Amino acid sequence: MIKCENLQKTYPLKKLHGYQALKGLDLSIEAGEFAAITGPSGCGKSTLLNIIGFLDNPSAGHYLFRGRNVSSFSDSERSGLRLSEVGFIFQSFNLLPRFTALDNVRLPMLYLGEGSAETEERALALLARVGLKGKETHTPLELSGGERQRVGVARALANNPKLLLADEPTGNLDSGTGIEVMQLLTQLNREGLTVIMVTHDMNLAGKASRIIRMKDGAIES
Amino acid sequence: MRISESLRTGTLEIFHHKMRSFLTFFAISIGVISIMYSLTMIYSMNFRTKKALEVVGYGRMQVQTKQSYQETTTMDKKEARDNLSLEDAQALHTNFPELPMVSPLMFSGGEFTYGDFHDWNRVAGITTEWKKRGWVYKVRGRFLNQHDIDTYARVCVIIQNGGWFKKPQWMKFYGWKDDFQEYIKHHDLLGRTVKLGDNLYTVVGILEEPPLEKNPKTFLDLEGWEAKILIPITTLQRLMGGSWGWAEPGSIESIQIDTGRAVTVPVYRRRIEKLLQARHGGRLRLDVKDFGEIIKTKMADKHRDMYTVLIIGAIAILAGGIGIMNVTLATIYSRIKEIGIRRAIGATRGDIMAQFIIEAMLLGFFGGIAGILISMTGIQYLAANGDTDMMMVQWWMPLVSVVAAVLTGFIASLYPAYQASKLDPVEALRYE
Ligand SMILES: Nc1ncnc2c1ncn2[C@@H]1O[C@H](COP(=O)(O)OP(=O)(O)O)[C@@H](O)[C@H]1O
Ligand SMILES: [Mg+2]
């Protein structure tokens with residue numbers, strides 16, 4: 001599903017040389033995998049995940065997504081891929097604070113141009129699925145951390161993506177809630193979704209089908 | 001993203017920032033108010049000019065002599081002068097039989113008495129020519145005829161006001177009552193004998209004006225205080241004297257002339273002046289005005305006022321636009337994170353741009369609506385208090401104003417929205 005060849009990312013800095021966050025990284029992930037990426041802070045995990053999720057472009061190297069070379073895609077093409085091909089889950093949830101849980105989940109569907117009646121129905125079903133029945137009209141401020149992340153998961157699933165990307169999804173949660181969210185992700189993976197998750201927690205990483213260890217902008221094993 | 005959804009979230013955003021939105025509303029609505037006012041004034045002035053010319057005729061002219069108090073130098077004031085006479089009017093008529101109207105006029109005033117009722121009134125001395133232009137009346141009885149003029153008949157015709165279909169509110173409690181008009185409305189004087197000054201007259205006719213809404217003269221404001229009692233000019237000369245109770249024997253006040261068409265006015269102006277001066281051996285101090293000029297000078301003040309208001313309006317709208325621009329820019333800085341989130345879940349640059357533009361247009365729209373509400377209230381109030389300009393407000397004016405406000409929002413938000421759309425999604429997401 002994903003194939004990265006000699007992937008490099010250099011962040012431009014004010015000094016002459018940029019900072020090279022990814023130093024020629026090769027990686028391939030098959031459909032249906034649950035991959036956990038681990039590694040010390042600052043080793044480039046988020047950078048890699050952003051490139052995989054079409055949020056960022058690599059400075060050099062190739063990124064093939066389902067056979068297509070994405071590195072040459074335009075901004076609007078990549079927006080389209082983010083909208084319908086992948087779902088993002090963030091450490092800090094990144095929900096819109098003034099929107100209700102329901103509206104947060106509906107948002108990607110609306111960007112796809114769907115009408116409000118069908119989106120509402122589907123968003124309600126998704127919220128029920130992540131265990132938030134009855135909390136649809138709560139805003140993020142009125143939800144606990146675990147509940148917020150469940151909204152995040154529901155939103156990531158809004159447009160039936162093939163790939164779920166989670167950047168330290170349990171980083172802001174206590175271990176109990178973290179395990180619950182992890183269970184949700186494993187469940188989704190079992191239903192056929194490809195999941196790539198960045199985590200520090202070796203316990204959680206152990207539950208994945210594959211562990212990718214990173215160090216200094218490259219893959220260790 | 002469907003438009004309905006953008007409108008919904010845009011409205012939410014505006015209501016969430018009440019203070020910020022209010023300031024923009026304020027500027028926009030002031031702009032809209034002055035646009036409304038100016039539009040109404042422009043419309044009213046064009047309408048009046050057109051109607052005025054339609055009623056009095058495009059070729060209309062007025063010949064008067066300058067009174068000695070109108071002169072500037074003492075020498076001119078003391079100089080002996082001739083006055084216009086009825087014979088002058090007759091001479092014009094014979095020399096230029098093609099003129100559609102040569103109507104000599106003379107005014108006076110006197111106590112009108114009938115039974116217990118008495119009231120001071122302005123009286124006009126006229127000939128049969130009077131009815132040739134600006135005739136809007138329905139006659140009961142008859143109008144003055146040549147026989148009345150020739151025989152110095154003691155007869156009069158009374159003009160009865162039309163009244164309003166729908167009385168403006170100000171008339172109900174604030175407007176002054178015209179006692180004379182009130183009286184003749186309730187007492188039919190046709191065929192009765194009334195006293196005017198020291199003499200008795202027979203009322204031979206009542207001229208009923210159309211309702212004021214339908215009467216072009218309502219909006220003219222040209223003739224000033226119109227005399228409502230008409231008598232033969234010969235009778236007035238003999239029995240009443242001029243406006244100040246005294247006049248040179250045989251003199252008249254003015255001659256209203258219709259040359260038929262606007263283009264003929266200058267030609268006749270020269271010919272008429274020449275003929276009149278010849279008749280008086282150059283001793284006339286003529287004051288000839290054509291109605292086009294009169295209307296223009298009447299409108300000049302209003303034009304100036306209107307442009308002032310229009311400029312204020314343009315500035316207010318501009319200020320509103322800059323306000324919207326500022327607000328939109330400020331919103332963008334406080335919403336970088338939101339932009340990042342939206343981009344991350346798949347919004348395109350266009351989506352982000354559209355979002356901010358729609359929000360700004362909504363801001364313009366709501367400000368515009370507020371402005372419309374305020375200005376319509378104001379205009380209704382002024383109209384109800386007798387401002388005939390403001391009565392001319394048209395249904396399309398609010399529409400135009402709101403469109404202007406929305407357009408302001410659109411233009412003002414283009415740059416900030418473009419800035420927002422250019423933000424890098426990853427950086428925007430990391431922004432705290
Ligand atoms: N926008 C940026 N500009 C400059 N340096 C950056 C930027 N984003 C990340 N980096 C640097 O790149 C390295 C990798 O960052 P990241 O991928 O976020 O690490 P992590 O593995 O902790 O997720 C870090 O040293 C970080 O400082
Ligand atoms: Mg990270």
# chains A, B, ... in the order shown; residues from 1 in each chain; ligands from 1
$ closest_atom_pairs --of "chain A" --to "chain B" --cutoff "8 Å" --atoms "only C-alpha atoms" --output "Markdown table"
| residue | atom | partner | partner_atom | distance |
| --- | --- | --- | --- | --- |
| A:Asn50 | CA | B:Val426 | CA | 7.7 |
| A:Leu55 | CA | B:Val426 | CA | 6.4 |
| A:Asp56 | CA | B:Val426 | CA | 6.9 |
| A:Asp75 | CA | B:Thr348 | CA | 7.6 |
| A:Ser76 | CA | B:Thr348 | CA | 5.6 |
| A:Ser79 | CA | B:Gly346 | CA | 4.7 |
| A:Gly80 | CA | B:Gly346 | CA | 6.0 |
| A:Leu81 | CA | B:Gly346 | CA | 7.3 |
| A:Arg82 | CA | B:Gly346 | CA | 4.8 |
| A:Leu83 | CA | B:Gly346 | CA | 3.9 |
| A:Ser84 | CA | B:Gly346 | CA | 7.7 |
| A:Gly87 | CA | B:Ile345 | CA | 7.3 |
| A:Phe88 | CA | B:Ile345 | CA | 7.1 |
| A:Asn94 | CA | B:Ile341 | CA | 6.3 |
| A:Leu95 | CA | B:Ile341 | CA | 7.5 |
| A:Leu96 | CA | B:Glu338 | CA | 6.5 |
| A:Pro108 | CA | B:Ile345 | CA | 6.2 |
| A:Leu110 | CA | B:Met1 | CA | 5.1 |
| A:Tyr111 | CA | B:Met1 | CA | 4.4 |
| A:Leu112 | CA | B:Met1 | CA | 6.5 |
| A:Gly113 | CA | B:Met1 | CA | 4.8 |
| A:Glu114 | CA | B:Arg2 | CA | 7.4 |
| A:Gly115 | CA | B:Arg2 | CA | 7.3 |
| A:Ser116 | CA | B:Glu5 | CA | 7.9 |
| A:Ala156 | CA | B:Ile345 | CA | 7.8 |
$ select_by_dssp --residues "region 2-161 of chain A" --states "alpha helix (DSSP H)" --output "NGL selection string"
:A and (45-52 or 75-84 or 101-111 or 116-129 or 145-156)
$ atom_distance --atom1 "CA of Val265 (chain B)" --atom2 "CA of Leu53 (chain B)"
13.4 Å
$ select_by_dssp --residues "region 136-203 of chain A" --states "strand (DSSP E)" --output "ChimeraX atom specification"
/A:163-167,194-198
$ closest_atom_pairs --of "chain A" --to "ligand 2" --cutoff "12 Å" --atoms "only C-alpha atoms and all ligand atoms" --output "CSV"
residue,atom,partner,partner_atom_place_in_ligand_line,distance
A:Ala21,CA,ligand 2,1 (Mg),11.5
A:Ile37,CA,ligand 2,1 (Mg),10.6
A:Thr38,CA,ligand 2,1 (Mg),10.2
A:Gly39,CA,ligand 2,1 (Mg),9.9
A:Pro40,CA,ligand 2,1 (Mg),9.5
A:Ser41,CA,ligand 2,1 (Mg),6.8
A:Gly42,CA,ligand 2,1 (Mg),6.8
A:Cys43,CA,ligand 2,1 (Mg),8.4
A:Gly44,CA,ligand 2,1 (Mg),7.1
A:Lys45,CA,ligand 2,1 (Mg),5.7
A:Ser46,CA,ligand 2,1 (Mg),4.2
A:Thr47,CA,ligand 2,1 (Mg),7.4
A:Leu48,CA,ligand 2,1 (Mg),9.4
A:Leu49,CA,ligand 2,1 (Mg),8.9
A:Asn50,CA,ligand 2,1 (Mg),9.8
A:Phe90,CA,ligand 2,1 (Mg),9.7
A:Gln91,CA,ligand 2,1 (Mg),8.7
A:Ser92,CA,ligand 2,1 (Mg),11.0
A:Ala166,CA,ligand 2,1 (Mg),10.5
A:Asp167,CA,ligand 2,1 (Mg),6.8
A:Glu168,CA,ligand 2,1 (Mg),7.4
A:Pro169,CA,ligand 2,1 (Mg),10.7
A:Gly171,CA,ligand 2,1 (Mg),10.1
A:Met197,CA,ligand 2,1 (Mg),11.1
A:Val198,CA,ligand 2,1 (Mg),7.9
A:Thr199,CA,ligand 2,1 (Mg),8.9
A:His200,CA,ligand 2,1 (Mg),9.8
A:Met214,CA,ligand 2,1 (Mg),11.9
$ write_last_selection --atoms "N, CA, C and O atoms" --output "compact mmCIF listing (two decimals), in the first residue's frame"
# COMPACT_ATOMS: atom_id res chain seq x y z
N ALA A 21 15.60 16.13 8.77
CA ALA A 21 14.83 15.32 9.72
C ALA A 21 14.69 13.88 9.24
O ALA A 21 14.62 12.96 10.06
N ILE A 37 5.17 2.85 15.00
CA ILE A 37 6.47 3.48 14.83
C ILE A 37 6.93 4.00 16.19
O ILE A 37 6.19 4.74 16.84
N THR A 38 8.11 3.58 16.60
CA THR A 38 8.64 4.07 17.88
C THR A 38 10.02 4.66 17.65
O THR A 38 10.59 4.51 16.57
N GLY A 39 10.49 5.32 18.67
CA GLY A 39 11.81 5.92 18.55
C GLY A 39 11.89 7.14 19.44
O GLY A 39 10.87 7.66 19.87
N PRO A 40 13.10 7.62 19.73
CA PRO A 40 13.26 8.76 20.63
C PRO A 40 12.64 10.02 20.05
O PRO A 40 12.47 10.16 18.84
N SER A 41 12.35 10.93 20.95
CA SER A 41 11.75 12.19 20.53
C SER A 41 12.68 12.93 19.58
O SER A 41 13.89 12.95 19.78
N GLY A 42 12.10 13.48 18.53
CA GLY A 42 12.89 14.26 17.57
C GLY A 42 13.56 13.44 16.50
O GLY A 42 14.32 13.95 15.71
N CYS A 43 13.24 12.15 16.43
CA CYS A 43 13.91 11.31 15.44
C CYS A 43 13.22 11.35 14.08
O CYS A 43 13.66 10.74 13.13
N GLY A 44 12.10 12.06 13.99
CA GLY A 44 11.46 12.24 12.67
C GLY A 44 10.20 11.45 12.47
O GLY A 44 9.72 11.32 11.34
N LYS A 45 9.60 10.94 13.55
CA LYS A 45 8.39 10.11 13.41
C LYS A 45 7.23 10.93 12.83
O LYS A 45 6.56 10.51 11.88
N SER A 46 7.00 12.10 13.43
CA SER A 46 5.89 12.92 12.96
C SER A 46 6.13 13.38 11.53
O SER A 46 5.21 13.42 10.71
N THR A 47 7.38 13.71 11.23
CA THR A 47 7.72 14.14 9.87
C THR A 47 7.34 13.05 8.87
O THR A 47 6.71 13.32 7.84
N LEU A 48 7.71 11.82 9.20
CA LEU A 48 7.39 10.70 8.32
C LEU A 48 5.88 10.53 8.17
O LEU A 48 5.36 10.38 7.06
N LEU A 49 5.19 10.61 9.31
CA LEU A 49 3.74 10.40 9.27
C LEU A 49 3.04 11.49 8.45
O LEU A 49 2.10 11.22 7.71
N ASN A 50 3.53 12.73 8.57
CA ASN A 50 2.95 13.82 7.80
C ASN A 50 3.12 13.61 6.30
O ASN A 50 2.23 13.92 5.51
N PHE A 90 -4.69 12.76 16.16
CA PHE A 90 -3.58 13.54 16.71
C PHE A 90 -3.46 13.34 18.21
O PHE A 90 -4.44 13.03 18.90
N GLN A 91 -2.25 13.61 18.70
CA GLN A 91 -2.02 13.53 20.14
C GLN A 91 -2.89 14.54 20.89
O GLN A 91 -3.48 14.23 21.90
N SER A 92 -2.97 15.76 20.33
CA SER A 92 -3.76 16.79 21.02
C SER A 92 -5.17 16.91 20.43
O SER A 92 -5.77 17.98 20.49
N ALA A 166 -2.09 7.64 13.14
CA ALA A 166 -2.27 8.13 14.50
C ALA A 166 -0.93 8.56 15.06
O ALA A 166 -0.01 7.75 15.18
N ASP A 167 -0.80 9.85 15.37
CA ASP A 167 0.46 10.38 15.91
C ASP A 167 0.35 10.49 17.42
O ASP A 167 -0.23 11.43 17.93
N GLU A 168 0.92 9.51 18.12
CA GLU A 168 0.84 9.43 19.58
C GLU A 168 -0.58 9.66 20.09
O GLU A 168 -0.83 10.58 20.86
N PRO A 169 -1.52 8.85 19.67
CA PRO A 169 -2.94 9.07 20.00
C PRO A 169 -3.21 8.95 21.50
O PRO A 169 -4.21 9.49 21.97
N GLY A 171 -0.88 9.81 23.83
CA GLY A 171 0.11 10.63 24.52
C GLY A 171 -0.47 11.54 25.58
O GLY A 171 0.17 11.85 26.56
N MET A 197 0.67 3.82 13.57
CA MET A 197 0.57 4.56 14.82
C MET A 197 1.96 4.88 15.36
O MET A 197 2.82 4.01 15.43
N VAL A 198 2.16 6.13 15.70
CA VAL A 198 3.40 6.52 16.36
C VAL A 198 3.16 6.46 17.86
O VAL A 198 2.13 6.94 18.34
N THR A 199 4.07 5.85 18.60
CA THR A 199 3.89 5.80 20.06
C THR A 199 5.21 5.65 20.80
O THR A 199 6.19 5.15 20.26
N HIS A 200 5.23 6.17 22.00
CA HIS A 200 6.38 5.97 22.88
C HIS A 200 6.21 4.72 23.72
O HIS A 200 7.16 4.17 24.23
N MET A 214 12.66 3.79 14.83
CA MET A 214 13.36 4.86 14.11
C MET A 214 14.43 5.46 15.00
O MET A 214 14.33 5.47 16.21
$ residues_around --residues "Asn6 (chain A)" --least-positions-apart "5" --cutoff "6 Å" --atoms "only C-alpha atoms" --output "PyMOL selection string"
chain A and resi 24-26+61
$ write_last_selection --atoms "all heavy atoms" --output "PDB file, in the first residue's frame"
ATOM      1  N   GLY A  24      17.032   9.762   4.057  1.00  0.00           N
ATOM      2  CA  GLY A  24      17.011   8.657   3.108  1.00  0.00           C
ATOM      3  C   GLY A  24      16.410   7.416   3.714  1.00  0.00           C
ATOM      4  O   GLY A  24      17.102   6.475   4.088  1.00  0.00           O
ATOM      5  N   LEU A  25      15.089   7.402   3.823  1.00  0.00           N
ATOM      6  CA  LEU A  25      14.397   6.353   4.559  1.00  0.00           C
ATOM      7  C   LEU A  25      13.630   5.451   3.592  1.00  0.00           C
ATOM      8  O   LEU A  25      12.990   5.948   2.665  1.00  0.00           O
ATOM      9  CB  LEU A  25      13.464   7.051   5.546  1.00  0.00           C
ATOM     10  CG  LEU A  25      12.552   6.282   6.469  1.00  0.00           C
ATOM     11  CD1 LEU A  25      12.363   7.079   7.750  1.00  0.00           C
ATOM     12  CD2 LEU A  25      11.196   6.054   5.806  1.00  0.00           C
ATOM     13  N   ASP A  26      13.796   4.155   3.773  1.00  0.00           N
ATOM     14  CA  ASP A  26      13.033   3.205   2.956  1.00  0.00           C
ATOM     15  C   ASP A  26      12.026   2.497   3.839  1.00  0.00           C
ATOM     16  O   ASP A  26      12.344   2.087   4.943  1.00  0.00           O
ATOM     17  CB  ASP A  26      13.964   2.156   2.327  1.00  0.00           C
ATOM     18  CG  ASP A  26      14.956   2.797   1.381  1.00  0.00           C
ATOM     19  OD1 ASP A  26      14.502   3.588   0.518  1.00  0.00           O
ATOM     20  OD2 ASP A  26      16.172   2.547   1.529  1.00  0.00           O
ATOM     21  N   GLY A  61      13.490  11.870  -2.803  1.00  0.00           N
ATOM     22  CA  GLY A  61      13.034  10.486  -2.682  1.00  0.00           C
ATOM     23  C   GLY A  61      11.636  10.318  -3.223  1.00  0.00           C
ATOM     24  O   GLY A  61      11.015  11.276  -3.695  1.00  0.00           O
TER      25      GLY A  61
END
$ atom_distance --atom1 "CA of Thr170 (chain A)" --atom2 "CA of Tyr333 (chain B)"
28.9 Å
$ residues_around --residues "Ala360 (chain B)" --least-positions-apart "6" --cutoff "8 Å" --atoms "only C-alpha atoms" --output "number ranges by chain"
B: 324, 328, 409-410, 412-413
$ residues_around --residues "Pro58 (chain A)" --least-positions-apart "4" --cutoff "12 Å" --atoms "only C-alpha atoms" --output "number ranges by chain"
A: 4-11, 20-25, 47-54, 62-64, 69-73
$ write_last_selection --atoms "N, CA and C atoms" --output "PDB file, in the first residue's frame"
ATOM      1  N   CYS A   4       8.042   3.772   0.453  1.00  0.00           N
ATOM      2  CA  CYS A   4       8.903   4.951   0.504  1.00  0.00           C
ATOM      3  C   CYS A   4      10.303   4.543   0.095  1.00  0.00           C
ATOM      4  N   GLU A   5      10.894   5.297  -0.815  1.00  0.00           N
ATOM      5  CA  GLU A   5      12.251   4.997  -1.260  1.00  0.00           C
ATOM      6  C   GLU A   5      13.134   6.213  -1.075  1.00  0.00           C
ATOM      7  N   ASN A   6      14.203   6.006  -0.278  1.00  0.00           N
ATOM      8  CA  ASN A   6      15.193   7.068  -0.070  1.00  0.00           C
ATOM      9  C   ASN A   6      14.541   8.403   0.306  1.00  0.00           C
ATOM     10  N   LEU A   7      13.537   8.305   1.188  1.00  0.00           N
ATOM     11  CA  LEU A   7      12.765   9.487   1.562  1.00  0.00           C
ATOM     12  C   LEU A   7      13.623  10.438   2.393  1.00  0.00           C
ATOM     13  N   GLN A   8      13.672  11.700   1.965  1.00  0.00           N
ATOM     14  CA  GLN A   8      14.433  12.699   2.709  1.00  0.00           C
ATOM     15  C   GLN A   8      13.555  13.909   2.976  1.00  0.00           C
ATOM     16  N   LYS A   9      13.793  14.519   4.157  1.00  0.00           N
ATOM     17  CA  LYS A   9      13.082  15.758   4.444  1.00  0.00           C
ATOM     18  C   LYS A   9      14.041  16.721   5.113  1.00  0.00           C
ATOM     19  N   THR A  10      14.234  17.850   4.504  1.00  0.00           N
ATOM     20  CA  THR A  10      15.101  18.867   5.085  1.00  0.00           C
ATOM     21  C   THR A  10      14.245  20.087   5.394  1.00  0.00           C
ATOM     22  N   TYR A  11      14.224  20.466   6.681  1.00  0.00           N
ATOM     23  CA  TYR A  11      13.485  21.680   7.045  1.00  0.00           C
ATOM     24  C   TYR A  11      14.371  22.881   6.814  1.00  0.00           C
ATOM     25  N   GLN A  20      18.061  18.343   8.536  1.00  0.00           N
ATOM     26  CA  GLN A  20      17.595  17.149   7.846  1.00  0.00           C
ATOM     27  C   GLN A  20      16.915  16.216   8.841  1.00  0.00           C
ATOM     28  N   ALA A  21      15.595  16.133   8.767  1.00  0.00           N
ATOM     29  CA  ALA A  21      14.826  15.324   9.718  1.00  0.00           C
ATOM     30  C   ALA A  21      14.694  13.884   9.243  1.00  0.00           C
ATOM     31  N   LEU A  22      14.652  13.672   7.945  1.00  0.00           N
ATOM     32  CA  LEU A  22      14.634  12.309   7.394  1.00  0.00           C
ATOM     33  C   LEU A  22      15.822  12.166   6.464  1.00  0.00           C
ATOM     34  N   LYS A  23      16.583  11.075   6.712  1.00  0.00           N
ATOM     35  CA  LYS A  23      17.847  10.958   5.977  1.00  0.00           C
ATOM     36  C   LYS A  23      17.842   9.735   5.078  1.00  0.00           C
ATOM     37  N   GLY A  24      17.032   9.762   4.057  1.00  0.00           N
ATOM     38  CA  GLY A  24      17.011   8.657   3.108  1.00  0.00           C
ATOM     39  C   GLY A  24      16.410   7.416   3.714  1.00  0.00           C
ATOM     40  N   LEU A  25      15.089   7.402   3.823  1.00  0.00           N
ATOM     41  CA  LEU A  25      14.397   6.353   4.559  1.00  0.00           C
ATOM     42  C   LEU A  25      13.630   5.451   3.592  1.00  0.00           C
ATOM     43  N   THR A  47       7.381  13.713  11.228  1.00  0.00           N
ATOM     44  CA  THR A  47       7.717  14.139   9.874  1.00  0.00           C
ATOM     45  C   THR A  47       7.342  13.052   8.872  1.00  0.00           C
ATOM     46  N   LEU A  48       7.712  11.819   9.203  1.00  0.00           N
ATOM     47  CA  LEU A  48       7.390  10.700   8.321  1.00  0.00           C
ATOM     48  C   LEU A  48       5.877  10.533   8.174  1.00  0.00           C
ATOM     49  N   LEU A  49       5.187  10.612   9.306  1.00  0.00           N
ATOM     50  CA  LEU A  49       3.742  10.399   9.273  1.00  0.00           C
ATOM     51  C   LEU A  49       3.042  11.493   8.449  1.00  0.00           C
ATOM     52  N   ASN A  50       3.535  12.730   8.571  1.00  0.00           N
ATOM     53  CA  ASN A  50       2.953  13.824   7.797  1.00  0.00           C
ATOM     54  C   ASN A  50       3.120  13.610   6.301  1.00  0.00           C
ATOM     55  N   ILE A  51       4.290  13.047   5.938  1.00  0.00           N
ATOM     56  CA  ILE A  51       4.504  12.794   4.509  1.00  0.00           C
ATOM     57  C   ILE A  51       3.596  11.665   4.048  1.00  0.00           C
ATOM     58  N   ILE A  52       3.512  10.601   4.862  1.00  0.00           N
ATOM     59  CA  ILE A  52       2.636   9.483   4.502  1.00  0.00           C
ATOM     60  C   ILE A  52       1.188   9.960   4.375  1.00  0.00           C
ATOM     61  N   GLY A  53       0.807  10.933   5.251  1.00  0.00           N
ATOM     62  CA  GLY A  53      -0.579  11.421   5.229  1.00  0.00           C
ATOM     63  C   GLY A  53      -0.804  12.585   4.284  1.00  0.00           C
ATOM     64  N   PHE A  54       0.103  12.853   3.371  1.00  0.00           N
ATOM     65  CA  PHE A  54      -0.039  13.892   2.331  1.00  0.00           C
ATOM     66  C   PHE A  54      -0.118  15.313   2.897  1.00  0.00           C
ATOM     67  N   HIS A  62      11.149   9.107  -3.172  1.00  0.00           N
ATOM     68  CA  HIS A  62       9.834   8.807  -3.736  1.00  0.00           C
ATOM     69  C   HIS A  62       8.887   8.302  -2.673  1.00  0.00           C
ATOM     70  N   TYR A  63       7.643   8.664  -2.832  1.00  0.00           N
ATOM     71  CA  TYR A  63       6.597   8.117  -1.985  1.00  0.00           C
ATOM     72  C   TYR A  63       5.499   7.615  -2.905  1.00  0.00           C
ATOM     73  N   LEU A  64       5.292   6.304  -2.895  1.00  0.00           N
ATOM     74  CA  LEU A  64       4.251   5.710  -3.725  1.00  0.00           C
ATOM     75  C   LEU A  64       3.096   5.287  -2.833  1.00  0.00           C
ATOM     76  N   ASN A  69       2.778   7.835  -7.606  1.00  0.00           N
ATOM     77  CA  ASN A  69       3.830   8.655  -7.026  1.00  0.00           C
ATOM     78  C   ASN A  69       3.249   9.984  -6.534  1.00  0.00           C
ATOM     79  N   VAL A  70       3.139  10.067  -5.211  1.00  0.00           N
ATOM     80  CA  VAL A  70       2.448  11.205  -4.618  1.00  0.00           C
ATOM     81  C   VAL A  70       3.339  12.434  -4.510  1.00  0.00           C
ATOM     82  N   SER A  71       4.669  12.220  -4.527  1.00  0.00           N
ATOM     83  CA  SER A  71       5.561  13.361  -4.301  1.00  0.00           C
ATOM     84  C   SER A  71       5.376  14.458  -5.343  1.00  0.00           C
ATOM     85  N   SER A  72       4.816  14.105  -6.494  1.00  0.00           N
ATOM     86  CA  SER A  72       4.654  15.124  -7.527  1.00  0.00           C
ATOM     87  C   SER A  72       3.232  15.701  -7.579  1.00  0.00           C
ATOM     88  N   PHE A  73       2.434  15.356  -6.582  1.00  0.00           N
ATOM     89  CA  PHE A  73       1.044  15.833  -6.601  1.00  0.00           C
ATOM     90  C   PHE A  73       0.939  17.305  -6.199  1.00  0.00           C
TER      91      PHE A  73
END
$ atom_distance --atom1 "CA of Asn160 (chain A)" --atom2 "CA of Val181 (chain A)"
18.6 Å
$ closest_residue --among "B:His118, B:Ile42, B:Tyr137, B:Leu362" --to "Arg304 (chain B)" --atoms "only C-alpha atoms"
B:Ile42
$ closest_residue --among "A:Ile2, A:Leu143, A:His17, A:Gly131" --to "ligand 1" --atoms "only C-alpha atoms and all ligand atoms"
A:His17
$ residues_around --residues "Phe107 (chain B)" --least-positions-apart "6" --cutoff "10 Å" --atoms "only C-alpha atoms" --output "ChimeraX atom specification"
/B:122-126,227,230-231,233,236-237,240-245,252-254
$ residues_around --residues "Ile184 (chain B)" --least-positions-apart "3" --cutoff "12 Å" --atoms "only C-alpha atoms" --output "list in words"
Phe112, Thr113, Tyr114, Phe117, His118, Asp119, Ile158, Ile159, Gln160, Asn161, Gly162, Asp178, Asp179, Phe180, Gln181, His187, Asp188, Leu189, Leu190, Arg192, Val194, Val203, Ile206, Leu207, Glu208, Lys228 and Ile229 of chain B
